[in-house]
$ cat protein39.txt   # compact mmCIF, C-alpha atoms
# COMPACT_ATOMS: atom_id res chain seq x y z
CA MET Q 91 -19.89 -19.03 -74.23
CA LYS Q 92 -17.48 -16.48 -72.78
CA LYS Q 93 -14.20 -17.52 -71.17
CA ASP Q 94 -15.21 -15.71 -67.95
CA ASP Q 95 -18.39 -17.79 -67.79
CA LEU Q 96 -16.34 -20.97 -68.00
CA MET Q 97 -14.30 -19.80 -65.03
CA GLN Q 98 -17.26 -19.16 -62.74
CA PRO Q 99 -18.00 -22.75 -61.56
CA SER Q 100 -14.35 -23.25 -60.61
CA ARG Q 101 -14.30 -19.99 -58.66
CA LYS Q 102 -17.53 -20.87 -56.89
CA MET Q 103 -16.14 -24.26 -55.96
CA THR Q 104 -12.97 -22.57 -54.60
CA ILE Q 105 -14.95 -20.15 -52.44
CA ALA Q 106 -17.21 -22.97 -51.26
CA GLY Q 107 -14.14 -24.95 -50.31
CA HIS Q 108 -12.76 -21.99 -48.35
CA VAL Q 109 -16.07 -21.56 -46.53
CA LEU Q 110 -16.06 -25.26 -45.59
CA SER Q 111 -12.46 -24.86 -44.41
CA ILE Q 112 -13.44 -21.98 -42.13
CA ALA Q 113 -16.39 -23.94 -40.79
CA GLY Q 114 -14.09 -26.86 -40.03
CA SER Q 115 -11.60 -24.57 -38.28
CA LEU Q 116 -14.32 -23.02 -36.12
CA ALA Q 117 -15.73 -26.44 -35.28
CA CYS Q 118 -12.27 -27.58 -34.25
CA ALA Q 119 -11.78 -24.52 -32.06
CA PHE Q 120 -15.21 -25.07 -30.43
CA PHE Q 121 -14.31 -28.70 -29.72
CA MET Q 122 -11.02 -27.60 -28.13
CA ILE Q 123 -12.87 -25.18 -25.84
CA LEU Q 124 -15.29 -27.94 -24.79
CA LEU Q 125 -12.39 -30.31 -24.16
CA LEU Q 126 -10.58 -27.64 -22.14
CA GLY Q 127 -13.67 -27.12 -19.98
CA TRP Q 128 -14.01 -30.85 -19.32
CA VAL Q 129 -10.33 -31.10 -18.32
CA ILE Q 130 -10.61 -28.18 -15.93
CA LEU Q 131 -13.82 -29.41 -14.29
CA ASN Q 132 -12.83 -33.06 -14.05
CA VAL Q 133 -9.05 -33.13 -13.83
CA HIS Q 134 -7.84 -29.77 -12.50
CA PRO Q 135 -10.84 -27.99 -10.95
CA ASP Q 136 -8.52 -25.69 -8.99
CA ILE Q 137 -6.89 -24.19 -12.11
CA TYR Q 138 -8.71 -21.10 -13.33
CA MET Q 139 -7.15 -17.63 -13.31
CA SER Q 140 -3.83 -16.20 -12.20
CA SER Q 141 -3.52 -13.44 -9.61
CA ALA Q 142 -3.56 -10.92 -12.45
CA GLY Q 143 -7.20 -11.87 -12.93
CA ASP Q 144 -7.23 -11.95 -16.71
CA SER Q 145 -4.58 -14.44 -17.74
CA GLY Q 146 -3.52 -17.75 -16.21
CA LEU Q 147 -3.94 -21.13 -17.89
CA ILE Q 148 -7.47 -20.61 -19.21
CA GLY Q 149 -6.81 -17.08 -20.38
CA ASN Q 150 -3.63 -18.06 -22.20
CA ILE Q 151 -5.18 -21.09 -23.93
CA LEU Q 152 -8.31 -19.21 -24.98
CA ALA Q 153 -6.20 -16.35 -26.28
CA SER Q 154 -4.13 -18.84 -28.28
CA ILE Q 155 -7.29 -20.43 -29.75
CA THR Q 156 -8.67 -17.00 -30.67
CA LYS Q 157 -5.47 -15.99 -32.43
CA LYS Q 158 -5.13 -19.25 -34.33
CA THR Q 159 -8.79 -19.17 -35.43
CA SER Q 160 -8.46 -15.55 -36.62
CA ASN Q 161 -5.26 -16.34 -38.52
CA MET Q 162 -6.87 -19.36 -40.22
CA LYS Q 163 -9.77 -17.22 -41.36
CA GLY Q 164 -7.31 -14.65 -42.69
CA ASP Q 165 -5.38 -17.27 -44.65
CA VAL Q 166 -8.59 -18.44 -46.30
CA MET Q 167 -10.48 -15.20 -46.94
CA ASN Q 168 -7.99 -12.34 -47.36
CA ASP Q 169 -7.52 -12.95 -51.09
CA TYR Q 170 -11.23 -12.17 -51.56
CA LEU Q 171 -11.51 -9.15 -49.27
CA SER Q 172 -10.86 -5.47 -49.85
CA ASP Q 173 -7.94 -3.78 -48.05
CA ALA Q 174 -10.37 -2.30 -45.51
CA ASP Q 175 -11.89 -5.69 -44.68
CA ILE Q 176 -8.75 -7.83 -44.56
CA ILE Q 177 -8.51 -9.95 -41.42
CA LYS Q 178 -5.30 -8.83 -39.72
CA LYS Q 179 -3.20 -11.71 -38.48
CA ILE Q 180 -2.25 -11.82 -34.82
CA TYR Q 181 1.38 -12.73 -34.13
CA THR Q 182 3.10 -13.09 -30.77
CA ILE Q 183 6.56 -14.17 -29.62
CA PRO Q 184 6.68 -16.79 -26.84
CA GLU Q 185 7.87 -15.37 -23.54
CA ASP Q 186 10.48 -18.06 -23.10
CA ALA Q 187 12.00 -17.59 -26.55
CA THR Q 188 15.61 -16.43 -26.26
CA VAL Q 189 15.66 -15.70 -30.00
CA ALA Q 190 12.95 -13.77 -31.85
CA PRO Q 191 12.14 -14.31 -35.54
CA ALA Q 192 14.96 -12.88 -37.64
CA PRO Q 193 14.28 -9.50 -39.25
CA ASP Q 194 13.51 -9.51 -42.96
CA ALA Q 195 16.46 -7.74 -44.59
CA SER Q 196 14.19 -6.39 -47.35
CA CYS Q 197 12.14 -4.46 -44.75
CA TYR Q 198 15.05 -2.18 -43.79
CA GLY Q 199 15.62 1.04 -45.67
CA LYS Q 200 17.33 4.44 -45.65
CA ILE Q 201 16.09 7.86 -46.76
CA SER Q 202 18.30 10.91 -47.08
CA TYR Q 203 17.29 14.17 -45.44
CA ASP Q 204 17.06 15.69 -48.93
CA GLU Q 205 14.18 13.30 -49.68
CA VAL Q 206 12.55 13.41 -46.27
CA ASP Q 207 9.01 13.49 -47.71
CA LYS Q 208 9.47 9.85 -48.69
CA VAL Q 209 9.15 8.97 -45.01
CA LEU Q 210 5.48 9.93 -45.29
CA ASP Q 211 5.01 7.06 -47.75
CA ILE Q 212 6.49 4.64 -45.20
CA ILE Q 213 4.17 5.99 -42.51
CA GLU Q 214 1.20 5.62 -44.83
CA GLN Q 215 2.17 2.02 -45.53
CA ALA Q 216 2.23 1.38 -41.76
CA ARG Q 217 -1.35 2.68 -41.63
CA ARG Q 218 -2.36 0.41 -44.52
CA TYR Q 219 -0.92 -2.49 -42.55
CA ARG Q 220 -3.14 -1.24 -39.70
CA LEU Q 221 -0.04 -1.18 -37.55
CA LEU Q 222 -0.69 2.53 -36.99
CA ASP Q 223 -4.27 3.52 -36.30
CA GLU Q 224 -5.81 5.87 -38.83
CA ASP Q 225 -5.62 8.88 -36.50
CA GLU Q 226 -2.60 7.78 -34.45
CA ARG Q 227 -0.02 10.51 -33.91
CA VAL Q 228 3.50 9.92 -35.22
CA VAL Q 229 6.29 11.82 -33.46
CA PHE Q 230 8.49 12.06 -36.54
CA SER Q 231 8.10 15.30 -38.49
CA THR Q 232 9.47 16.31 -41.87
CA ASP Q 233 9.95 19.79 -40.36
CA ALA Q 234 12.49 18.58 -37.78
CA ASP Q 235 15.83 20.41 -37.61
CA PHE Q 236 17.92 17.45 -38.80
CA TYR Q 237 21.64 17.52 -38.11
CA LEU Q 238 24.57 16.38 -40.23
CA ASN Q 239 24.20 15.00 -43.72
CA GLY Q 240 22.92 11.69 -42.48
CA GLU Q 241 20.06 9.39 -43.31
CA ILE Q 242 16.79 8.35 -41.75
CA GLU Q 243 16.70 4.59 -41.22
CA TYR Q 244 13.58 2.48 -40.98
CA TYR Q 245 12.14 -1.02 -40.73
CA LEU Q 246 8.56 -1.89 -41.60
CA ASP Q 247 6.56 -5.09 -41.73
CA GLU Q 248 3.02 -5.97 -40.61
CA THR Q 249 4.08 -6.21 -36.93
CA ILE Q 250 6.70 -3.50 -36.35
CA PHE Q 251 7.55 -0.01 -37.56
CA VAL Q 252 10.86 1.66 -36.65
CA LEU Q 253 12.18 5.11 -37.60
CA CYS Q 254 15.61 6.40 -36.53
CA TRP Q 255 16.75 9.97 -37.13
CA LYS Q 256 18.87 12.79 -35.67
CA GLU Q 257 17.78 16.35 -34.93
CA TRP Q 258 18.66 19.44 -32.93
CA ILE Q 259 16.43 20.06 -29.90
CA ASN Q 260 17.17 22.91 -27.48
CA GLN Q 261 20.61 23.24 -29.13
CA CYS Q 262 21.42 19.61 -28.32
CA PRO Q 263 22.13 16.85 -30.87
CA VAL Q 264 19.50 14.17 -30.23
CA ASN Q 265 19.25 10.65 -31.68
CA ILE Q 266 15.64 9.45 -31.81
CA SER Q 267 14.16 6.02 -32.47
CA GLU Q 268 10.39 5.76 -32.82
CA VAL Q 269 8.96 2.24 -32.55
CA ARG Q 270 5.42 0.93 -33.03
CA ILE Q 271 4.75 -2.76 -32.40
CA ALA Q 272 1.61 -4.82 -32.89
CA ASP Q 273 1.92 -6.90 -29.72
CA GLY Q 274 3.50 -6.43 -26.29
CA SER Q 275 5.57 -9.60 -26.71
CA GLN Q 276 7.75 -7.73 -29.22
CA PHE Q 277 9.20 -5.49 -26.45
CA ARG Q 278 11.91 -7.75 -25.03
CA ARG Q 279 14.97 -7.90 -22.80
CA LYS Q 280 18.16 -9.85 -23.39
CA ILE Q 281 20.80 -10.47 -20.70
CA THR Q 282 24.18 -12.03 -21.30
CA GLY Q 283 24.11 -15.81 -21.18
CA ASP Q 284 20.31 -15.60 -20.84
CA THR Q 285 20.91 -16.11 -17.12
CA TYR Q 286 20.69 -13.51 -14.37
CA GLY Q 287 24.08 -12.87 -12.79
CA SER Q 288 26.04 -14.76 -15.44
CA GLY Q 289 29.02 -12.44 -15.04
CA ILE Q 290 29.48 -12.25 -18.82
CA GLN Q 291 29.76 -8.90 -20.57
CA SER Q 292 29.06 -8.29 -24.24
CA TYR Q 293 28.27 -5.49 -26.68
CA CYS Q 294 24.88 -4.16 -27.65
CA SER Q 295 25.66 -5.18 -31.23
CA SER Q 296 26.41 -8.79 -30.25
CA LEU Q 297 23.38 -9.13 -28.00
CA SER Q 298 21.11 -7.57 -30.64
CA ASN Q 299 22.37 -10.00 -33.26
CA GLN Q 300 21.98 -12.96 -30.90
CA ALA Q 301 18.39 -12.01 -30.13
CA ASN Q 302 17.44 -11.13 -33.75
CA ALA Q 303 16.54 -7.59 -32.73
CA VAL Q 304 15.08 -5.27 -35.35
CA VAL Q 305 16.53 -2.48 -33.20
CA GLY Q 306 18.41 -2.84 -29.91
CA PHE Q 307 19.37 -0.46 -27.10
CA ASN Q 308 21.60 -0.71 -24.06
CA ALA Q 309 19.47 -1.08 -20.94
CA ASP Q 310 20.43 -0.40 -17.29
CA PHE Q 311 23.73 -2.37 -17.12
CA TYR Q 312 22.39 -4.10 -14.01
CA ALA Q 313 25.69 -5.90 -13.31
CA PHE Q 314 27.60 -2.62 -12.95
CA ARG Q 315 26.02 -1.45 -9.69
CA ASN Q 316 24.19 -3.01 -6.77
CA LEU Q 317 21.32 -0.54 -6.86
CA GLY Q 318 17.59 -0.86 -7.42
CA ILE Q 319 15.30 -3.77 -8.08
CA THR Q 320 15.93 -6.28 -10.85
CA CYS Q 321 13.11 -8.43 -12.22
CA TYR Q 322 13.71 -10.79 -15.13
CA ASN Q 323 11.28 -13.35 -16.57
CA ARG Q 324 8.69 -12.49 -13.87
CA THR Q 325 11.11 -13.20 -11.00
CA VAL Q 326 12.56 -10.60 -8.61
CA TYR Q 327 16.27 -11.34 -8.38
CA ARG Q 328 17.92 -8.28 -6.88
CA PHE Q 329 16.63 -6.63 -3.77
CA GLY Q 330 19.88 -5.91 -1.95
CA GLU Q 331 20.20 -4.97 1.69
CA SER Q 332 23.48 -3.05 1.41
CA ASN Q 333 23.53 0.61 2.38
CA TYR Q 334 24.02 3.36 -0.18
CA GLY Q 335 24.36 6.65 1.63
CA ALA Q 336 21.35 7.13 3.89
CA ASN Q 337 19.15 4.81 1.82
CA LYS Q 338 18.95 1.09 1.23
CA ALA Q 339 20.33 0.12 -2.17
CA TYR Q 340 16.99 -1.12 -3.46
CA ASN Q 341 15.26 2.10 -2.43
CA CYS Q 342 17.90 4.42 -3.84
CA VAL Q 343 16.68 4.61 -7.44
CA ASP Q 344 13.35 4.58 -9.28
CA THR Q 345 12.46 1.32 -11.02
CA LEU Q 346 10.74 0.90 -14.39
CA PHE Q 347 8.65 -2.26 -14.81
CA ILE Q 348 7.45 -3.55 -18.21
CA ASP Q 349 4.33 -5.71 -18.19
CA SER Q 350 3.29 -8.36 -20.73
CA ASN Q 351 1.45 -5.74 -22.80
CA GLY Q 352 4.56 -3.57 -23.03
CA ASP Q 353 3.16 -0.90 -20.66
CA PHE Q 354 5.23 1.08 -18.13
CA LYS Q 355 4.74 0.81 -14.38
CA TYR Q 356 6.97 2.51 -11.82
CA PHE Q 357 8.23 2.08 -8.29
CA GLU Q 358 9.44 5.43 -7.00
CA ARG Q 359 12.51 5.21 -4.79
CA GLY Q 360 11.78 4.86 -1.11
CA THR Q 361 8.35 3.23 -1.52
CA VAL Q 362 8.99 -0.49 -0.94
CA SER Q 363 10.33 -2.42 2.03
CA THR Q 364 10.42 -6.16 1.25
CA LYS Q 365 11.27 -8.44 -1.62
CA GLU Q 366 7.94 -10.23 -1.11
CA GLU Q 367 6.11 -6.95 -1.64
CA VAL Q 368 7.84 -6.44 -4.97
CA GLN Q 369 7.22 -10.03 -6.09
CA LYS Q 370 3.52 -9.62 -5.30
CA PHE Q 371 3.49 -6.46 -7.42
CA VAL Q 372 5.16 -8.39 -10.24
CA ASP Q 373 2.61 -11.22 -9.98
CA ASP Q 374 -0.42 -8.95 -9.69
CA ASN Q 375 0.61 -6.72 -12.59
CA ASP Q 376 1.86 -9.36 -15.04
CA ILE Q 377 5.39 -7.86 -15.02
CA LEU Q 378 7.98 -9.42 -17.31
CA PHE Q 379 11.11 -7.43 -16.50
CA SER Q 380 12.41 -4.23 -14.96
CA MET Q 381 15.13 -1.64 -15.41
CA ALA Q 382 16.80 0.16 -12.52
CA PHE Q 383 18.44 3.49 -13.27
CA GLY Q 384 16.10 6.46 -13.43
CA PRO Q 385 14.76 8.78 -12.39
CA ILE Q 386 11.21 8.81 -13.71
CA LEU Q 387 11.04 11.79 -16.07
CA ILE Q 388 7.41 11.86 -17.24
CA LYS Q 389 4.34 10.25 -15.73
CA ASP Q 390 0.77 10.51 -17.05
CA GLY Q 391 1.86 13.13 -19.56
CA GLU Q 392 3.46 15.50 -17.06
CA LEU Q 393 7.03 16.21 -15.98
CA TYR Q 394 7.45 14.16 -12.85
CA ASN Q 395 10.33 15.69 -10.89
CA SER Q 396 10.81 19.20 -9.60
CA ASN Q 397 14.10 18.34 -7.86
CA TYR Q 398 16.54 16.60 -10.20
CA ALA Q 399 19.14 15.71 -7.55
CA TYR Q 400 19.74 11.99 -8.02
CA PRO Q 401 22.38 9.63 -6.62
CA ILE Q 402 23.61 8.42 -10.04
CA GLY Q 403 23.91 9.90 -13.50
CA GLU Q 404 25.69 13.26 -12.91
CA SER Q 405 22.35 15.07 -12.66
CA PHE Q 406 23.56 18.65 -13.00
CA ASP Q 407 26.37 18.14 -15.52
CA GLN Q 408 26.26 18.53 -19.28
CA TYR Q 409 26.31 14.83 -20.02
CA SER Q 410 25.37 12.25 -22.65
CA ARG Q 411 21.96 10.88 -21.68
CA ALA Q 412 19.50 8.21 -22.76
CA GLY Q 413 15.86 7.47 -22.03
CA ILE Q 414 12.84 5.43 -23.12
CA GLY Q 415 9.33 6.84 -23.34
CA MET Q 416 5.81 5.90 -24.41
CA VAL Q 417 3.76 7.81 -26.96
CA SER Q 418 0.74 5.52 -26.50
CA GLU Q 419 0.06 1.80 -26.19
CA HIS Q 420 2.68 -0.22 -28.10
CA HIS Q 421 4.24 3.04 -29.32
CA TYR Q 422 7.65 4.09 -27.95
CA LEU Q 423 10.37 6.68 -28.30
CA TYR Q 424 14.01 6.08 -27.36
CA MET Q 425 16.15 9.22 -27.23
CA ASN Q 426 19.73 9.99 -26.42
CA VAL Q 427 21.75 13.18 -26.34
CA GLN Q 428 25.34 12.46 -27.28
CA ASN Q 429 28.27 14.40 -28.63
CA ILE Q 430 29.07 14.42 -32.33
CA ALA Q 431 32.37 12.88 -33.41
CA SER Q 432 33.55 16.02 -35.19
CA ARG Q 433 32.01 18.52 -32.72
CA ALA Q 434 33.03 17.61 -29.18
CA ASP Q 435 32.47 21.24 -28.15
CA ILE Q 436 28.68 20.99 -28.54
CA PRO Q 437 26.89 20.88 -25.16
CA ARG Q 438 24.82 17.92 -24.16
CA ALA Q 439 22.19 18.04 -21.40
CA THR Q 440 21.61 18.15 -17.69
CA LEU Q 441 19.06 15.69 -16.33
CA LYS Q 442 16.44 18.46 -16.17
CA GLY Q 443 17.29 19.54 -19.73
CA PHE Q 444 16.95 15.97 -20.98
CA ALA Q 445 13.56 15.60 -19.28
CA GLU Q 446 12.40 18.75 -21.07
CA ILE Q 447 13.65 17.41 -24.43
CA MET Q 448 11.64 14.21 -23.98
CA TYR Q 449 8.62 16.16 -22.76
CA SER Q 450 8.74 18.31 -25.92
CA LYS Q 451 7.79 15.22 -27.95
CA GLY Q 452 4.45 14.77 -26.18
CA LEU Q 453 5.28 11.55 -24.35
CA VAL Q 454 2.90 10.17 -21.72
CA GLU Q 455 5.67 8.27 -19.88
CA ALA Q 456 9.47 8.54 -19.84
CA TYR Q 457 12.30 7.02 -17.83
CA ASN Q 458 15.99 7.92 -17.71
CA LEU Q 459 18.50 5.18 -18.59
CA ASP Q 460 22.26 4.79 -18.33
CA GLY Q 461 23.84 7.27 -20.74
CA GLY Q 462 27.44 8.15 -21.51
CA GLN Q 463 29.26 5.42 -23.39
CA THR Q 464 26.48 2.98 -22.44
CA GLY Q 465 23.86 4.76 -24.57
CA GLU Q 466 23.71 2.93 -27.91
CA VAL Q 467 21.26 2.31 -30.75
CA TYR Q 468 21.92 -0.72 -32.96
CA ILE Q 469 19.96 -1.28 -36.17
CA ASN Q 470 20.52 -3.22 -39.40
CA GLY Q 471 24.04 -4.35 -38.56
CA HIS Q 472 25.53 -1.10 -37.30
CA THR Q 473 25.48 1.44 -34.47
CA PHE Q 474 23.20 4.32 -35.44
CA ASN Q 475 24.51 6.95 -33.02
CA HIS Q 476 28.01 8.16 -32.26
CA VAL Q 477 28.94 6.43 -29.00
CA ASP Q 478 31.08 8.37 -26.51
CA TRP Q 479 34.80 7.60 -26.86
CA GLY Q 480 34.06 6.20 -30.32
CA ASN Q 481 33.54 2.54 -29.41
CA GLU Q 482 30.94 0.26 -27.84
CA ARG Q 483 30.98 -0.52 -24.13
CA ALA Q 484 30.70 -4.13 -22.96
CA VAL Q 485 27.52 -4.44 -20.87
CA SER Q 486 25.32 -7.07 -19.25
CA ASP Q 487 21.97 -6.45 -20.95
CA ILE Q 488 19.91 -4.78 -23.65
CA PHE Q 489 16.25 -4.25 -24.40
CA TYR Q 490 15.05 -4.57 -27.96
CA PHE Q 491 12.09 -4.68 -30.32
CA ALA Q 492 11.56 -7.62 -32.67
CA THR Q 493 9.35 -8.64 -35.56
CA ALA Q 494 6.74 -11.25 -34.66
CA ILE Q 495 6.31 -12.70 -38.15
CA PRO Q 496 7.63 -16.28 -38.26
CA GLU Q 497 10.37 -16.74 -40.82
CA ASP Q 498 8.46 -19.58 -42.55
CA GLU Q 499 5.50 -17.28 -43.30
CA ARG Q 500 7.37 -14.73 -45.42
$ encode --input "protein39.txt" --output "structure tokens"
Amino acid sequence: MKKDDLMQPSRKMTIAGHVLSIAGSLACAFFMILLLGWVILNVHPDIYMSSAGDSGLIGNILASITKKTSNMKGDVMNDYLSDADIIKKIYTIPEDATVAPAPDASCYGKISYDEVDKVLDIIEQARRYRLLDEDERVVFSTDADFYLNGEIEYYLDETIFVLCWKEWINQCPVNISEVRIADGSQFRRKITGDTYGSGIQSYCSSLSNQANAVVGFNADFYAFRNLGITCYNRTVYRFGESNYGANKAYNCVDTLFIDSNGDFKYFERGTVSTKEEVQKFVDDNDILFSMAFGPILIKDGELYNSNYAYPIGESFDQYSRAGIGMVSEHHYLYMNVQNIASRADIPRATLKGFAEIMYSKGLVEAYNLDGGQTGEVYINGHTFNHVDWGNERAVSDIFYFATAIPEDER
């Protein structure tokens, strides 16, 4: 008798055991759904859906059951499936978590410009993880006009892909960070003290480390000015009534809202009149947080403004600028134009010029953020870009992208 033949009964028993395990998991999930229905009908018949129409208590619990059931099946079956058939695990970060799972240090890497073709291997691995769709466009190009003798930095696991590089665009030195996440919960905001209006100021590096960011960026520095609308953790906090020129403070700047899926929604300046109106928008659209600086640069794939006069941000000056854009769902591009430490004579960009730089990358949405010394990219323990004046600025907030893989599953 062959050795392989002796192994067959054991293997069959193992597979049979896995099948029984899946059946038990599905039965458990079915029982939970039945129990949930009984509780709703008999204990809380008035609890069904939120105003968003597709979430609320039932939606959240069913989504949780679906994810857990899928992940259990993956744990059991993936060792026996081909790469094409593997059941991809679904990971999310709880909304109320002030700390995301820590990045895996082994997932960071650097590639010199001389070996730029190696980035294609990283991109291909992201496709094998099914983090990037097979035909999904990547903004990064090996043909970019890279500047300085620097390095491309990256992070890659099954839930997040980050590439950071520097290139010349329209004669401007541009720092670019491309980010693809698996779930909207990985696009997050951190404010100092985790409390709105705390009065504390800190650095992007410190806040990124506190939050376990894979990559972190300065946001709108909401505590610096009393302008625009501020929403944090689904609550509208700032909707000031003070005058700013001829306009109310809350109507003076465009507002960017981020919903629970990580999608962009805008309020153009001058379009809202009451705090209640904004809160209803937040509730109806499942908004998690907002950023108030602006203006809107790109909307629905087209340049949005024809007149770039704006009350903040030195619109018509050659200035260091920063912005966040969307390539597609869960796929983002952060860009900033900043001077180079050894070449302070190199021009930066007007607001119109910066909009055109972002538009050149084929973004469907883009929003201008606080630039100058505020514009910072922090990854793998260091600041990636040269910050104006050569040092970090203490701010009130950042936004960041995090891995969703729990540390105990690595």
$ closest_atom_pairs --input "protein39.txt" --of "range 260-374 of chain Q" --to "range 475-497 of chain Q" --cutoff "9 Å" --atoms "all atoms listed in the file" --output "CSV"
residue,atom,partner,partner_atom,distance
Q:Asn265,CA,Q:Asn475,CA,6.6
Q:Val269,CA,Q:Phe491,CA,7.9
Q:Ile271,CA,Q:Phe491,CA,7.9
Q:Ala272,CA,Q:Ala494,CA,8.4
Q:Asp273,CA,Q:Ala494,CA,8.2
Q:Ser275,CA,Q:Ala494,CA,8.2
Q:Gln276,CA,Q:Ala492,CA,5.1
Q:Phe277,CA,Q:Phe491,CA,4.9
Q:Arg278,CA,Q:Tyr490,CA,5.3
Q:Arg279,CA,Q:Phe489,CA,4.2
Q:Lys280,CA,Q:Ile488,CA,5.4
Q:Ile281,CA,Q:Asp487,CA,4.2
Q:Thr282,CA,Q:Ser486,CA,5.5
Q:Gly287,CA,Q:Ser486,CA,8.8
Q:Ser288,CA,Q:Ser486,CA,8.6
Q:Gly289,CA,Q:Ser486,CA,7.8
Q:Ile290,CA,Q:Ser486,CA,6.7
Q:Gln291,CA,Q:Ser486,CA,5.0
Q:Ser292,CA,Q:Ala484,CA,4.7
Q:Tyr293,CA,Q:Ala484,CA,4.6
Q:Cys294,CA,Q:Ile488,CA,6.4
Q:Ser295,CA,Q:Glu482,CA,8.3
Q:Leu297,CA,Q:Ile488,CA,7.1
Q:Ser298,CA,Q:Tyr490,CA,7.3
Q:Ala301,CA,Q:Tyr490,CA,8.4
Q:Asn302,CA,Q:Ala492,CA,6.9
Q:Ala303,CA,Q:Ala492,CA,5.0
Q:Val304,CA,Q:Ala492,CA,5.0
Q:Val305,CA,Q:Phe491,CA,5.7
Q:Gly306,CA,Q:Tyr490,CA,4.3
Q:Phe307,CA,Q:Ile488,CA,5.6
Q:Asn308,CA,Q:Ile488,CA,4.4
Q:Ala309,CA,Q:Ile488,CA,4.6
Q:Asp310,CA,Q:Asp487,CA,7.2
Q:Phe311,CA,Q:Ser486,CA,5.4
Q:Tyr312,CA,Q:Ser486,CA,6.7
Q:Ala313,CA,Q:Ser486,CA,6.1
Q:Phe314,CA,Q:Ser486,CA,8.0
$ residues_around --input "protein39.txt" --residues "range 455-462 of chain Q" --least-positions-apart "6" --cutoff "9 Å" --atoms "only C-alpha atoms" --output "PyMOL selection string"
chain Q and resi 308-311+344-346+354+381-393+403+409-418+423+426-428+441+444-445+448-449+477-478
$ atom_distance --input "protein39.txt" --atom1 "CA of Cys262 in chain Q" --atom2 "CA of Ile201 in chain Q"
22.5 Å
$ atom_distance --input "protein39.txt" --atom1 "CA of Glu241 in chain Q" --atom2 "CA of Asp194 in chain Q"
20.0 Å
$ residues_around --input "protein39.txt" --residues "Ile259 in chain Q" --least-positions-apart "2" --cutoff "9 Å" --atoms "only C-alpha atoms" --output "list of chain:residue names"
Q:Ala234, Q:Asp235, Q:Glu257, Q:Gln261, Q:Cys262, Q:Pro263, Q:Val264, Q:Ile447, Q:Ser450
$ residues_near_point --input "protein39.txt" --point "(19.2, 15.9, -8.6)" --cutoff "12 Å" --atoms "only C-alpha atoms" --output "MDAnalysis selection string"
chainID Q and resid 343 384:387 395:407 440:443
$ closest_residue --input "protein39.txt" --among "Q:Lys338, Q:Lys365, Q:Lys200, Q:Lys355" --to "Thr320 in chain Q" --atoms "all atoms listed in the file"
Q:Lys365
$ atom_distance --input "protein39.txt" --atom1 "CA of Ala339 in chain Q" --atom2 "CA of Gln463 in chain Q"
23.6 Å
$ axis_aligned_box --input "protein39.txt" --around "range 462-473 of chain Q" --padding-each-side "5 Å" --output "AutoDock Vina command-line options"
--center_x 24.6 --center_y 1.9 --center_z -30.5 --size_x 19.3 --size_y 22.5 --size_z 27.9
$ closest_residue --input "protein39.txt" --among "Q:Gly318, Q:Asp284, Q:Asp233, Q:Asn323" --to "Arg359 in chain Q" --atoms "all atoms listed in the file"
Q:Gly318
$ residues_around --input "protein39.txt" --residues "Ser267 in chain Q" --least-positions-apart "3" --cutoff "8 Å" --atoms "only C-alpha atoms" --output "PDB file with C-alpha atoms, keeping the file's coordinate frame"
ATOM      1  CA  VAL Q 252      10.860   1.660 -36.650  1.00  0.00           C
ATOM      2  CA  LEU Q 253      12.180   5.110 -37.600  1.00  0.00           C
ATOM      3  CA  CYS Q 254      15.610   6.400 -36.530  1.00  0.00           C
ATOM      4  CA  TRP Q 255      16.750   9.970 -37.130  1.00  0.00           C
ATOM      5  CA  LEU Q 423      10.370   6.680 -28.300  1.00  0.00           C
ATOM      6  CA  TYR Q 424      14.010   6.080 -27.360  1.00  0.00           C
ATOM      7  CA  MET Q 425      16.150   9.220 -27.230  1.00  0.00           C
TER       8      MET Q 425
END
$ residues_around --input "protein39.txt" --residues "Thr232 in chain Q" --least-positions-apart "3" --cutoff "12 Å" --atoms "all atoms listed in the file" --output "MDAnalysis selection string"
chainID Q and resid 201:211 213 228:229 235:236 242 255:257
$ closest_residue --input "protein39.txt" --among "Q:Ser296, Q:Thr249, Q:Asn316, Q:Asn239" --to "His420 in chain Q" --atoms "only C-alpha atoms"
Q:Thr249
$ build_atoms --input "protein39.txt" --residues "range 466-471 of chain Q" --atoms "N, CA and C atoms" --output "PDB file, keeping the file's coordinate frame"
ATOM      1  N   GLU Q 466      23.445   3.392 -26.545  1.00  0.00           N
ATOM      2  CA  GLU Q 466      23.710   2.930 -27.910  1.00  0.00           C
ATOM      3  C   GLU Q 466      22.428   2.480 -28.595  1.00  0.00           C
ATOM      4  N   VAL Q 467      22.357   2.771 -29.892  1.00  0.00           N
ATOM      5  CA  VAL Q 467      21.260   2.310 -30.750  1.00  0.00           C
ATOM      6  C   VAL Q 467      21.866   1.441 -31.847  1.00  0.00           C
ATOM      7  N   TYR Q 468      21.366   0.204 -31.969  1.00  0.00           N
ATOM      8  CA  TYR Q 468      21.920  -0.720 -32.960  1.00  0.00           C
ATOM      9  C   TYR Q 468      20.809  -1.172 -33.890  1.00  0.00           C
ATOM     10  N   ILE Q 469      20.985  -0.918 -35.195  1.00  0.00           N
ATOM     11  CA  ILE Q 469      19.960  -1.280 -36.170  1.00  0.00           C
ATOM     12  C   ILE Q 469      20.627  -1.716 -37.476  1.00  0.00           C
ATOM     13  N   ASN Q 470      20.110  -2.762 -38.075  1.00  0.00           N
ATOM     14  CA  ASN Q 470      20.520  -3.220 -39.400  1.00  0.00           C
ATOM     15  C   ASN Q 470      22.035  -3.394 -39.516  1.00  0.00           C
ATOM     16  N   GLY Q 471      22.631  -3.997 -38.484  1.00  0.00           N
ATOM     17  CA  GLY Q 471      24.040  -4.350 -38.560  1.00  0.00           C
ATOM     18  C   GLY Q 471      25.026  -3.273 -38.199  1.00  0.00           C
TER      19      GLY Q 471
END
